>>> print(open('work.pdb').read())   # PDB, C-alpha atoms
MODEL        1
ATOM      1  CA  MET A   1     -24.740  -1.404  -7.269
ATOM      2  CA  LEU A   2     -25.274   0.764 -10.338
ATOM      3  CA  ALA A   3     -22.672   0.507 -13.065
ATOM      4  CA  VAL A   4     -20.515   3.437 -14.101
ATOM      5  CA  PRO A   5     -22.066   5.021 -17.211
ATOM      6  CA  ALA A   6     -19.885   4.418 -20.270
ATOM      7  CA  SER A   7     -19.639   8.162 -20.875
ATOM      8  CA  GLU A   8     -18.217   8.647 -17.361
ATOM      9  CA  THR A   9     -15.507   5.970 -17.242
ATOM     10  CA  SER A  10     -12.758   8.431 -18.098
ATOM     11  CA  ARG A  11     -13.747  10.667 -15.176
ATOM     12  CA  THR A  12     -13.386   8.222 -12.309
ATOM     13  CA  VAL A  13     -10.295   6.942 -10.520
ATOM     14  CA  SER A  14      -7.333   5.179 -12.072
ATOM     15  CA  VAL A  15      -7.634   1.504 -11.044
ATOM     16  CA  GLY A  16      -5.008  -1.219 -11.276
ATOM     17  CA  ILE A  17      -4.314  -4.729 -10.032
ATOM     18  CA  GLY A  18      -1.323  -6.477  -8.577
ATOM     19  CA  TRP A  19       0.260  -8.357 -11.483
ATOM     20  CA  ARG A  20       1.435 -11.714 -10.175
ATOM     21  CA  HIS A  21       3.126 -14.668 -11.855
ATOM     22  CA  PRO A  22      -0.027 -16.782 -12.496
ATOM     23  CA  HIS A  23      -1.400 -14.010 -14.736
ATOM     24  CA  TYR A  24       1.728 -12.903 -16.601
ATOM     25  CA  ALA A  25       0.945 -14.626 -19.908
ATOM     26  CA  GLN A  26      -2.853 -14.197 -19.852
ATOM     27  CA  LEU A  27      -2.727 -10.494 -19.142
ATOM     28  CA  LEU A  28      -0.164  -9.853 -21.878
ATOM     29  CA  HIS A  29      -2.335 -11.803 -24.312
ATOM     30  CA  GLU A  30      -5.747 -10.371 -23.398
ATOM     31  CA  GLN A  31      -4.678  -6.838 -22.439
ATOM     32  CA  PRO A  32      -7.708  -6.045 -20.235
ATOM     33  CA  ALA A  33      -8.824  -2.483 -19.636
ATOM     34  CA  LEU A  34      -6.723  -1.452 -16.634
ATOM     35  CA  ASP A  35      -5.120   1.884 -15.800
ATOM     36  CA  PHE A  36      -1.910   0.472 -14.326
ATOM     37  CA  LEU A  37      -0.230  -2.685 -13.025
ATOM     38  CA  GLU A  38       1.584  -3.024  -9.708
ATOM     39  CA  VAL A  39       4.513  -5.373  -9.108
ATOM     40  CA  HIS A  40       6.773  -5.998  -6.141
ATOM     41  CA  SER A  41      10.066  -4.303  -6.882
ATOM     42  CA  GLU A  42      12.284  -6.970  -5.345
ATOM     43  CA  ASN A  43      11.018  -9.649  -7.751
ATOM     44  CA  PHE A  44      12.738  -7.813 -10.619
ATOM     45  CA  PHE A  45      16.127  -6.876  -9.175
ATOM     46  CA  ALA A  46      18.032  -9.403 -11.299
ATOM     47  CA  PRO A  47      19.799  -7.540 -14.139
ATOM     48  CA  GLY A  48      18.217  -9.724 -16.829
ATOM     49  CA  GLY A  49      16.269 -12.919 -17.334
ATOM     50  CA  ALA A  50      12.673 -13.917 -17.948
ATOM     51  CA  ALA A  51      11.067 -11.940 -15.114
ATOM     52  CA  LEU A  52      12.498  -8.608 -16.203
ATOM     53  CA  ALA A  53      11.656  -9.357 -19.837
ATOM     54  CA  VAL A  54       8.023  -9.954 -18.868
ATOM     55  CA  LEU A  55       7.936  -6.718 -16.868
ATOM     56  CA  GLU A  56       9.273  -4.761 -19.839
ATOM     57  CA  ARG A  57       6.544  -6.259 -22.034
ATOM     58  CA  GLY A  58       3.955  -5.227 -19.470
ATOM     59  CA  ARG A  59       5.455  -1.736 -19.281
ATOM     60  CA  ALA A  60       4.974  -1.374 -23.047
ATOM     61  CA  LEU A  61       1.224  -1.853 -22.487
ATOM     62  CA  TYR A  62       0.490  -0.264 -19.096
ATOM     63  CA  PRO A  63       1.954   2.194 -16.592
ATOM     64  CA  ILE A  64       3.767   0.277 -13.836
ATOM     65  CA  SER A  65       3.688   0.987 -10.107
ATOM     66  CA  LEU A  66       6.706  -0.418  -8.223
ATOM     67  CA  HIS A  67       5.784  -1.448  -4.688
ATOM     68  CA  GLY A  68       8.594  -2.547  -2.388
ATOM     69  CA  VAL A  69       8.638  -4.638   0.768
ATOM     70  CA  GLY A  70      12.333  -4.636   1.661
ATOM     71  CA  LEU A  71      13.758  -1.126   1.991
ATOM     72  CA  SER A  72      13.320  -1.141   5.783
ATOM     73  CA  LEU A  73      12.813   2.610   5.835
ATOM     74  CA  GLY A  74      12.543   2.809   9.617
ATOM     75  CA  SER A  75      15.664   0.827  10.493
ATOM     76  CA  VAL A  76      18.277   2.560  12.634
ATOM     77  CA  ALA A  77      20.794   0.232  10.946
ATOM     78  CA  GLY A  78      20.381   2.358   7.828
ATOM     79  CA  LEU A  79      19.323   1.501   4.309
ATOM     80  CA  ASP A  80      20.962  -1.420   2.552
ATOM     81  CA  PRO A  81      23.127   0.174  -0.178
ATOM     82  CA  TRP A  82      22.765  -2.871  -2.446
ATOM     83  CA  HIS A  83      18.968  -2.772  -2.178
ATOM     84  CA  LEU A  84      18.851   0.920  -3.005
ATOM     85  CA  ASP A  85      21.206   0.376  -5.951
ATOM     86  CA  GLN A  86      18.932  -2.318  -7.390
ATOM     87  CA  LEU A  87      15.806  -0.214  -6.892
ATOM     88  CA  ASP A  88      17.436   2.764  -8.576
ATOM     89  CA  ALA A  89      18.463   0.630 -11.574
ATOM     90  CA  LEU A  90      14.939  -0.819 -11.882
ATOM     91  CA  VAL A  91      13.313   2.621 -11.668
ATOM     92  CA  ARG A  92      15.579   3.951 -14.405
ATOM     93  CA  ARG A  93      14.834   0.942 -16.604
ATOM     94  CA  ILE A  94      11.025   0.828 -16.140
ATOM     95  CA  ASP A  95      10.183   4.518 -15.492
ATOM     96  CA  PRO A  96       7.289   3.634 -13.182
ATOM     97  CA  VAL A  97       4.311   5.877 -12.563
ATOM     98  CA  ARG A  98       4.774   5.467  -8.776
ATOM     99  CA  VAL A  99       7.354   3.943  -6.401
ATOM    100  CA  SER A 100       6.525   2.960  -2.832
ATOM    101  CA  ASP A 101       7.437   0.997   0.287
ATOM    102  CA  HIS A 102       6.236   0.774   3.900
ATOM    103  CA  ALA A 103       6.585   2.709   7.152
ATOM    104  CA  SER A 104       8.292  -0.268   8.762
ATOM    105  CA  PHE A 105      11.637  -1.828   9.552
ATOM    106  CA  ALA A 106      13.177  -5.239   8.898
ATOM    107  CA  ARG A 107      16.952  -4.717   9.244
ATOM    108  CA  ALA A 108      18.796  -4.546  12.554
ATOM    109  CA  ALA A 109      22.351  -4.756  13.848
ATOM    110  CA  TRP A 110      23.227  -8.184  15.245
ATOM    111  CA  GLY A 111      26.583  -8.079  16.907
ATOM    112  CA  PRO A 112      29.722  -6.318  15.658
ATOM    113  CA  GLY A 113      29.640  -5.806  11.904
ATOM    114  CA  ARG A 114      26.568  -7.965  11.332
ATOM    115  CA  THR A 115      23.114  -6.996  10.074
ATOM    116  CA  VAL A 116      20.105  -9.312   9.991
ATOM    117  CA  HIS A 117      16.942  -9.011   7.914
ATOM    118  CA  ALA A 118      13.652 -10.223   9.382
ATOM    119  CA  ALA A 119      11.991 -10.755   5.964
ATOM    120  CA  ASP A 120       8.874  -9.144   7.423
ATOM    121  CA  LEU A 121       7.286  -5.719   7.781
ATOM    122  CA  LEU A 122       7.736  -4.838  11.445
ATOM    123  CA  PRO A 123       6.006  -1.767  12.913
ATOM    124  CA  LEU A 124       7.737   1.357  14.127
ATOM    125  CA  PRO A 125       7.218   3.070  17.465
ATOM    126  CA  PHE A 126       5.494   6.385  16.869
ATOM    127  CA  SER A 127       8.270   8.289  18.607
ATOM    128  CA  ASP A 128      10.375  11.340  17.763
ATOM    129  CA  GLU A 129      13.434   9.154  17.154
ATOM    130  CA  ALA A 130      11.575   6.812  14.815
ATOM    131  CA  LEU A 131      10.158   9.762  12.910
ATOM    132  CA  GLU A 132      13.619  11.306  12.460
ATOM    133  CA  THR A 133      14.986   7.991  11.185
ATOM    134  CA  LEU A 134      12.083   7.475   8.785
ATOM    135  CA  CYS A 135      12.323  11.029   7.432
ATOM    136  CA  ALA A 136      16.071  10.730   6.846
ATOM    137  CA  HIS A 137      15.720   7.460   4.932
ATOM    138  CA  VAL A 138      12.756   8.575   2.832
ATOM    139  CA  GLN A 139      14.720  11.672   1.866
ATOM    140  CA  GLN A 140      17.730   9.488   1.041
ATOM    141  CA  VAL A 141      15.578   7.360  -1.275
ATOM    142  CA  GLN A 142      14.056  10.401  -2.975
ATOM    143  CA  ASP A 143      17.464  11.985  -3.491
ATOM    144  CA  ARG A 144      18.789   8.777  -5.037
ATOM    145  CA  LEU A 145      15.765   8.085  -7.270
ATOM    146  CA  GLN A 146      15.272  11.769  -8.134
ATOM    147  CA  ARG A 147      11.523  11.406  -7.761
ATOM    148  CA  ARG A 148       8.773  11.637  -5.184
ATOM    149  CA  PHE A 149       8.354   8.463  -3.134
ATOM    150  CA  MET A 150       5.261   6.993  -1.434
ATOM    151  CA  VAL A 151       5.116   5.475   2.056
ATOM    152  CA  GLU A 152       2.386   3.031   3.128
ATOM    153  CA  ASN A 153       0.739   2.627   6.526
ATOM    154  CA  LEU A 154       1.185  -0.814   8.044
ATOM    155  CA  SER A 155      -1.039  -3.600   9.320
ATOM    156  CA  ALA A 156       0.671  -4.178  12.666
ATOM    157  CA  TYR A 157       0.321  -7.158  14.998
ATOM    158  CA  LEU A 158       2.244  -5.624  17.881
ATOM    159  CA  GLN A 159       2.800  -2.126  19.215
ATOM    160  CA  TRP A 160       5.822  -0.513  20.818
ATOM    161  CA  ARG A 161       5.579   1.531  23.980
ATOM    162  CA  CYS A 162       7.496   4.785  24.107
ATOM    163  CA  ALA A 163       9.774   5.401  27.062
ATOM    164  CA  PRO A 164       8.204   7.228  30.033
ATOM    165  CA  GLY A 165       8.046  10.930  29.308
ATOM    166  CA  GLU A 166       8.685  10.444  25.573
ATOM    167  CA  ARG A 167       6.143  11.858  23.146
ATOM    168  CA  GLU A 168       4.035   9.213  21.380
ATOM    169  CA  TRP A 169       2.539  10.410  18.100
ATOM    170  CA  ALA A 170      -0.858   9.402  16.804
ATOM    171  CA  GLU A 171      -0.213   7.450  13.596
ATOM    172  CA  PRO A 172      -1.980   9.915  11.239
ATOM    173  CA  GLU A 173       0.007  12.883  12.554
ATOM    174  CA  PHE A 174       3.206  10.812  12.454
ATOM    175  CA  LEU A 175       2.597  10.175   8.726
ATOM    176  CA  ASN A 176       1.400  13.738   8.062
ATOM    177  CA  THR A 177       4.632  15.052   9.558
ATOM    178  CA  LEU A 178       6.691  12.621   7.478
ATOM    179  CA  ALA A 179       4.990  13.929   4.330
ATOM    180  CA  ARG A 180       5.442  17.584   5.317
ATOM    181  CA  ARG A 181       9.121  17.216   6.188
ATOM    182  CA  THR A 182      10.177  15.146   3.181
ATOM    183  CA  GLY A 183       7.631  16.040   0.491
ATOM    184  CA  CYS A 184       6.805  12.337   0.037
ATOM    185  CA  GLU A 185       3.301  11.068  -0.619
ATOM    186  CA  LEU A 186       1.304   8.643   1.483
ATOM    187  CA  LEU A 187       0.006   5.342   0.196
ATOM    188  CA  VAL A 188      -3.082   4.667   2.306
ATOM    189  CA  ASP A 189      -3.921   0.978   2.557
ATOM    190  CA  VAL A 190      -7.588   0.859   3.535
ATOM    191  CA  ASN A 191      -7.527  -2.842   4.353
ATOM    192  CA  ASN A 192      -4.571  -2.336   6.709
ATOM    193  CA  LEU A 193      -6.600   0.248   8.601
ATOM    194  CA  TYR A 194      -9.534  -2.106   8.943
ATOM    195  CA  VAL A 195      -7.372  -5.048  10.027
ATOM    196  CA  ASN A 196      -5.790  -2.889  12.740
ATOM    197  CA  ALA A 197      -9.215  -1.684  13.874
ATOM    198  CA  LEU A 198     -10.561  -5.253  14.073
ATOM    199  CA  ASN A 199      -7.558  -6.417  16.079
ATOM    200  CA  ALA A 200      -7.928  -3.437  18.416
ATOM    201  CA  GLN A 201     -11.554  -4.432  18.928
ATOM    202  CA  LEU A 202     -10.463  -7.999  19.762
ATOM    203  CA  GLN A 203      -8.132  -6.489  22.373
ATOM    204  CA  GLY A 204     -11.068  -4.763  24.037
ATOM    205  CA  HIS A 205     -11.237  -1.350  22.374
ATOM    206  CA  PRO A 206     -14.950  -0.430  22.387
ATOM    207  CA  HIS A 207     -15.034   1.276  18.992
ATOM    208  CA  ASP A 208     -16.803   0.576  15.752
ATOM    209  CA  PRO A 209     -14.046  -0.529  13.325
ATOM    210  CA  VAL A 210     -15.443   1.305  10.283
ATOM    211  CA  ALA A 211     -15.947   4.511  12.272
ATOM    212  CA  ALA A 212     -12.399   4.214  13.677
ATOM    213  CA  CYS A 213     -10.986   3.864  10.153
ATOM    214  CA  CYS A 214     -12.942   6.852   8.908
ATOM    215  CA  ALA A 215     -11.711   8.956  11.826
ATOM    216  CA  TRP A 216      -8.123   7.921  10.955
ATOM    217  CA  LEU A 217      -8.683   9.006   7.349
ATOM    218  CA  ASP A 218     -10.150  12.328   8.475
ATOM    219  CA  ALA A 219      -6.903  13.030  10.358
ATOM    220  CA  ILE A 220      -4.742  12.606   7.229
ATOM    221  CA  ASP A 221      -3.878  15.715   5.203
ATOM    222  CA  PRO A 222      -5.797  15.271   1.912
ATOM    223  CA  GLY A 223      -3.101  16.649  -0.381
ATOM    224  CA  THR A 224      -0.562  14.037   0.696
ATOM    225  CA  VAL A 225      -2.319  10.846  -0.486
ATOM    226  CA  GLY A 226      -1.028   9.496  -3.797
ATOM    227  CA  GLU A 227      -2.558   6.018  -3.908
ATOM    228  CA  LEU A 228      -5.082   3.796  -2.120
ATOM    229  CA  HIS A 229      -4.979   0.022  -1.650
ATOM    230  CA  VAL A 230      -7.866  -2.376  -1.054
ATOM    231  CA  ALA A 231      -7.547  -6.100  -0.356
ATOM    232  CA  GLY A 232      -8.981  -9.028   1.538
ATOM    233  CA  HIS A 233      -8.062 -10.355   4.974
ATOM    234  CA  CYS A 234      -8.726 -13.456   7.077
ATOM    235  CA  HIS A 235      -9.801 -14.231  10.628
ATOM    236  CA  VAL A 236      -7.734 -16.762  12.599
ATOM    237  CA  ASP A 237      -9.183 -18.393  15.720
ATOM    238  CA  ASP A 238      -7.067 -21.186  17.191
ATOM    239  CA  ALA A 239      -5.430 -22.367  20.383
ATOM    240  CA  HIS A 240      -3.181 -19.286  20.381
ATOM    241  CA  GLY A 241      -6.101 -16.856  20.295
ATOM    242  CA  ARG A 242      -7.969 -14.708  17.793
ATOM    243  CA  ILE A 243      -6.395 -12.348  15.286
ATOM    244  CA  VAL A 244      -7.123 -10.816  11.887
ATOM    245  CA  ILE A 245      -4.402 -11.182   9.249
ATOM    246  CA  ASP A 246      -3.831  -8.952   6.224
ATOM    247  CA  ASP A 247      -3.293 -11.921   3.882
ATOM    248  CA  HIS A 248      -4.477 -10.429   0.554
ATOM    249  CA  GLY A 249      -6.201 -13.725  -0.126
ATOM    250  CA  SER A 250      -9.875 -12.970  -0.740
ATOM    251  CA  ARG A 251     -12.333 -10.439  -2.142
ATOM    252  CA  VAL A 252     -12.651  -7.038  -0.513
ATOM    253  CA  CYS A 253     -15.336  -7.160   2.185
ATOM    254  CA  ASP A 254     -18.258  -4.725   2.441
ATOM    255  CA  ALA A 255     -16.769  -2.927   5.450
ATOM    256  CA  VAL A 256     -13.513  -2.198   3.597
ATOM    257  CA  TRP A 257     -15.512  -0.923   0.613
ATOM    258  CA  ALA A 258     -17.335   1.403   3.024
ATOM    259  CA  VAL A 259     -14.018   2.752   4.340
ATOM    260  CA  TYR A 260     -12.720   3.063   0.775
ATOM    261  CA  ARG A 261     -15.814   5.079  -0.171
ATOM    262  CA  HIS A 262     -15.044   7.468   2.696
ATOM    263  CA  ALA A 263     -11.408   7.721   1.577
ATOM    264  CA  ILE A 264     -12.414   8.676  -1.958
ATOM    265  CA  ARG A 265     -14.814  11.309  -0.669
ATOM    266  CA  ARG A 266     -12.053  12.789   1.477
ATOM    267  CA  PHE A 267      -9.065  12.508  -0.857
ATOM    268  CA  GLY A 268     -10.701  12.674  -4.281
ATOM    269  CA  ALA A 269      -9.997  10.545  -7.356
ATOM    270  CA  VAL A 270      -6.844   8.879  -6.029
ATOM    271  CA  PRO A 271      -5.353   5.951  -8.017
ATOM    272  CA  THR A 272      -6.487   2.668  -6.490
ATOM    273  CA  LEU A 273      -4.905  -0.783  -6.426
ATOM    274  CA  VAL A 274      -6.639  -4.112  -5.830
ATOM    275  CA  GLU A 275      -4.123  -6.397  -4.076
ATOM    276  CA  TRP A 276      -4.346 -10.207  -4.129
ATOM    277  CA  ASP A 277      -1.195 -12.140  -3.201
ATOM    278  CA  THR A 278      -2.245 -15.483  -1.663
ATOM    279  CA  ASP A 279      -4.650 -18.072  -3.119
ATOM    280  CA  VAL A 280      -4.489 -15.999  -6.302
ATOM    281  CA  PRO A 281      -7.760 -16.495  -8.225
ATOM    282  CA  ALA A 282      -8.565 -16.409 -11.923
ATOM    283  CA  LEU A 283      -7.754 -13.128 -13.616
ATOM    284  CA  ASP A 284     -11.468 -12.477 -14.184
ATOM    285  CA  VAL A 285     -11.976 -12.312 -10.404
ATOM    286  CA  LEU A 286      -9.316  -9.618 -10.069
ATOM    287  CA  LEU A 287     -10.807  -7.680 -12.961
ATOM    288  CA  ASP A 288     -14.218  -7.915 -11.314
ATOM    289  CA  GLU A 289     -12.781  -6.457  -8.099
ATOM    290  CA  ALA A 290     -11.125  -3.679 -10.105
ATOM    291  CA  GLY A 291     -14.489  -2.938 -11.718
ATOM    292  CA  LYS A 292     -16.119  -2.745  -8.307
ATOM    293  CA  ALA A 293     -13.452  -0.307  -7.110
ATOM    294  CA  ARG A 294     -14.220   1.866 -10.122
ATOM    295  CA  GLN A 295     -17.960   1.733  -9.371
ATOM    296  CA  VAL A 296     -17.578   2.532  -5.669
ATOM    297  CA  ALA A 297     -15.250   5.432  -6.431
ATOM    298  CA  TRP A 298     -17.466   6.866  -9.164
ATOM    299  CA  HIS A 299     -20.522   6.891  -6.917
ATOM    300  CA  ALA A 300     -18.535   8.311  -4.005
ATOM    301  CA  LEU A 301     -17.471  11.246  -6.174
ATOM    302  CA  GLN A 302     -20.964  12.160  -7.342
ATOM    303  CA  PRO A 303     -22.814  15.060  -5.681
ATOM    304  CA  ALA A 304     -25.633  13.775  -3.490
ATOM    305  CA  GLU A 305     -28.251  15.563  -5.608
ATOM    306  CA  ALA A 306     -26.978  13.850  -8.775
ATOM    307  CA  LEU A 307     -27.436  10.385  -7.269
ATOM    308  CA  ALA A 308     -30.909  11.289  -6.015
ATOM    309  CA  ALA A 309     -32.074  12.489  -9.443
TER     310      ALA A 309
ENDMDL
END
>>> encode(input="work.pdb", output="structure tokens")
Amino acid sequence: MLAVPASETSRTVSVGIGWRHPHYAQLLHEQPALDFLEVHSENFFAPGGAALAVLERGRALYPISLHGVGLSLGSVAGLDPWHLDQLDALVRRIDPVRVSDHASFARAAWGPGRTVHAADLLPLPFSDEALETLCAHVQQVQDRLQRRFMVENLSAYLQWRCAPGEREWAEPEFLNTLARRTGCELLVDVNNLYVNALNAQLQGHPHDPVAACCAWLDAIDPGTVGELHVAGHCHVDDAHGRIVIDDHGSRVCDAVWAVYRHAIRRFGAVPTLVEWDTDVPALDVLLDEAGKARQVAWHALQPAEALAA
């Protein structure tokens, strides 16, 4: 792949990496050329201590994107007031460039006066009721934070069936409607799309996974997308069956880069994050993946005649 010309680097997408504990000290010391860092919000909820001190040092060098995994935006049990309080305090302290969480649920009522948390990102049914709940909670978060919020599509390993006669939304229109009703942005995780398409194929759907992902992207309203994610995934084949897992534990594969290229062509120069959360490699590997994202995006944005010249 051709490199991005030095004179053009300021005219491509903003690219960042997930900043994880193994790279805290090295990144602060070396200060590589990145446009932003992403951290998981919940890791910094404590009101002081070493973790928050490190984050503040990083914020002095780079814009920070806060990405959450615990708001449980789709839960009919409601948002956890403590969680929202901690997120609000962190946002005010760090002043992040973006704040996000997932179109999922984790909290549920468990008997009188009890609420349990699954510590996982569980999928929502694409129903009218689920949409109303998600819209209400996203609006609640935006009102509290006094800023626009982003909601990410999920890699889902099960699907709910709507009740007979109940409308079942296609996922892109479900998310489009969420964005229209609340004014939130969408965080489109390209790897999640591809994982879902591969698992659908394993279940017998006769589609090409890349083409299915591109069709999903084409159904999303372009003006709503505020960030893209790319990551690696793994294939599991054991006595329980075959499944693809969104483990964020390897380099981005060629098929996901192809879907990402399509996303950039549809949505434009959207900020892009390289995620890597398990088997975290050397920092140079992450920086190499960030460089590839920049290259793929730059070439995707060029007019066809310019690349042919």
>>> atom_distance(input="work.pdb", atom1="atom CA of A:Leu286", atom2="atom CA of A:Ile17")
7.0 Å
>>> residues_around(input="work.pdb", residues="stretch 262-274 of chain A", least_positions_apart="5", cutoff="10 Å", atoms="all atoms listed in the file", output="compact mmCIF listing (two decimals) with C-alpha atoms, keeping the file's coordinate frame")
# COMPACT_ATOMS: atom_id res chain seq x y z
CA ARG A 11 -13.75 10.67 -15.18
CA THR A 12 -13.39 8.22 -12.31
CA VAL A 13 -10.30 6.94 -10.52
CA SER A 14 -7.33 5.18 -12.07
CA VAL A 15 -7.63 1.50 -11.04
CA GLY A 16 -5.01 -1.22 -11.28
CA ILE A 17 -4.31 -4.73 -10.03
CA GLY A 18 -1.32 -6.48 -8.58
CA TRP A 19 0.26 -8.36 -11.48
CA ASP A 35 -5.12 1.88 -15.80
CA PHE A 36 -1.91 0.47 -14.33
CA LEU A 37 -0.23 -2.68 -13.02
CA GLU A 38 1.58 -3.02 -9.71
CA SER A 65 3.69 0.99 -10.11
CA LEU A 187 0.01 5.34 0.20
CA VAL A 188 -3.08 4.67 2.31
CA ASP A 189 -3.92 0.98 2.56
CA VAL A 190 -7.59 0.86 3.54
CA VAL A 210 -15.44 1.30 10.28
CA CYS A 213 -10.99 3.86 10.15
CA CYS A 214 -12.94 6.85 8.91
CA ALA A 215 -11.71 8.96 11.83
CA TRP A 216 -8.12 7.92 10.96
CA LEU A 217 -8.68 9.01 7.35
CA ASP A 218 -10.15 12.33 8.48
CA ILE A 220 -4.74 12.61 7.23
CA ASP A 221 -3.88 15.72 5.20
CA PRO A 222 -5.80 15.27 1.91
CA GLY A 223 -3.10 16.65 -0.38
CA THR A 224 -0.56 14.04 0.70
CA VAL A 225 -2.32 10.85 -0.49
CA GLY A 226 -1.03 9.50 -3.80
CA GLU A 227 -2.56 6.02 -3.91
CA LEU A 228 -5.08 3.80 -2.12
CA HIS A 229 -4.98 0.02 -1.65
CA VAL A 230 -7.87 -2.38 -1.05
CA ALA A 231 -7.55 -6.10 -0.36
CA GLY A 232 -8.98 -9.03 1.54
CA HIS A 248 -4.48 -10.43 0.55
CA ARG A 251 -12.33 -10.44 -2.14
CA VAL A 252 -12.65 -7.04 -0.51
CA VAL A 256 -13.51 -2.20 3.60
CA TRP A 257 -15.51 -0.92 0.61
CA LEU A 286 -9.32 -9.62 -10.07
CA LEU A 287 -10.81 -7.68 -12.96
CA GLU A 289 -12.78 -6.46 -8.10
CA ALA A 290 -11.12 -3.68 -10.10
CA GLY A 291 -14.49 -2.94 -11.72
CA LYS A 292 -16.12 -2.74 -8.31
CA ALA A 293 -13.45 -0.31 -7.11
CA ARG A 294 -14.22 1.87 -10.12
CA VAL A 296 -17.58 2.53 -5.67
CA ALA A 297 -15.25 5.43 -6.43
CA TRP A 298 -17.47 6.87 -9.16
CA HIS A 299 -20.52 6.89 -6.92
CA ALA A 300 -18.54 8.31 -4.00
CA LEU A 301 -17.47 11.25 -6.17
CA GLN A 302 -20.96 12.16 -7.34
>>> atom_distance(input="work.pdb", atom1="atom CA of A:Tyr24", atom2="atom CA of A:Leu154")
27.5 Å
>>> atom_distance(input="work.pdb", atom1="atom CA of A:Phe45", atom2="atom CA of A:Asp277")
19.1 Å
>>> axis_aligned_box(input="work.pdb", around="stretch 23-36 of chain A", padding_each_side="5 Å", output="AutoDock Vina command-line options")
--center_x -3.5 --center_y -6.4 --center_z -19.3 --size_x 20.6 --size_y 26.5 --size_z 20.0
>>> closest_residue(input="work.pdb", among="A:Val236, A:Leu55, A:Ile64, A:Val244", to="A:Val99", atoms="all atoms listed in the file")
A:Ile64
>>> resolve_selection(input="work.pdb", expression="the PyMOL selection byres ((chain A and resi 81) around 12)", output="list in words")
Gly70, Leu71, Ser72, Ala77, Gly78, Leu79, Asp80, Trp82, His83, Leu84, Asp85, Gln86, Leu87, Asp88, His137, Gln140, Val141 and Arg144 of chain A
>>> resolve_selection(input="work.pdb", expression="the PyMOL selection byres ((chain A and resi 181-185) around 8)", output="number ranges by chain")
A: 135, 138-139, 148-151, 177-180, 186-187, 224-226
>>> resolve_selection(input="work.pdb", expression="the PyMOL selection byres ((chain A and resi 94) around 10)", output="list in words")
Leu52, Leu55, Glu56, Gly58, Arg59, Ala60, Pro63, Ile64, Ser65, Leu66, Ala89, Leu90, Val91, Arg92, Arg93, Asp95, Pro96 and Val97 of chain A
>>> closest_residue(input="work.pdb", among="A:Ala282, A:Leu124, A:Leu27, A:Ala170", to="A:Tyr157", atoms="only C-alpha atoms")
A:Leu124
>>> residues_around(input="work.pdb", residues="A:Pro125", least_positions_apart="2", cutoff="7 Å", atoms="only C-alpha atoms", output="list in words")
Pro123, Ser127, Ala130, Trp160, Arg161 and Cys162 of chain A
>>> closest_residue(input="work.pdb", among="A:Leu193, A:Leu34, A:Ala163, A:Leu198", to="A:Tyr260", atoms="all atoms listed in the file")
A:Leu193
>>> closest_residue(input="work.pdb", among="A:Gln31, A:Asn153, A:Thr133, A:Thr278", to="A:Gly249", atoms="all atoms listed in the file")
A:Thr278
>>> closest_residue(input="work.pdb", among="A:His233, A:His29, A:Arg98, A:His40", to="A:Leu145", atoms="all atoms listed in the file")
A:Arg98
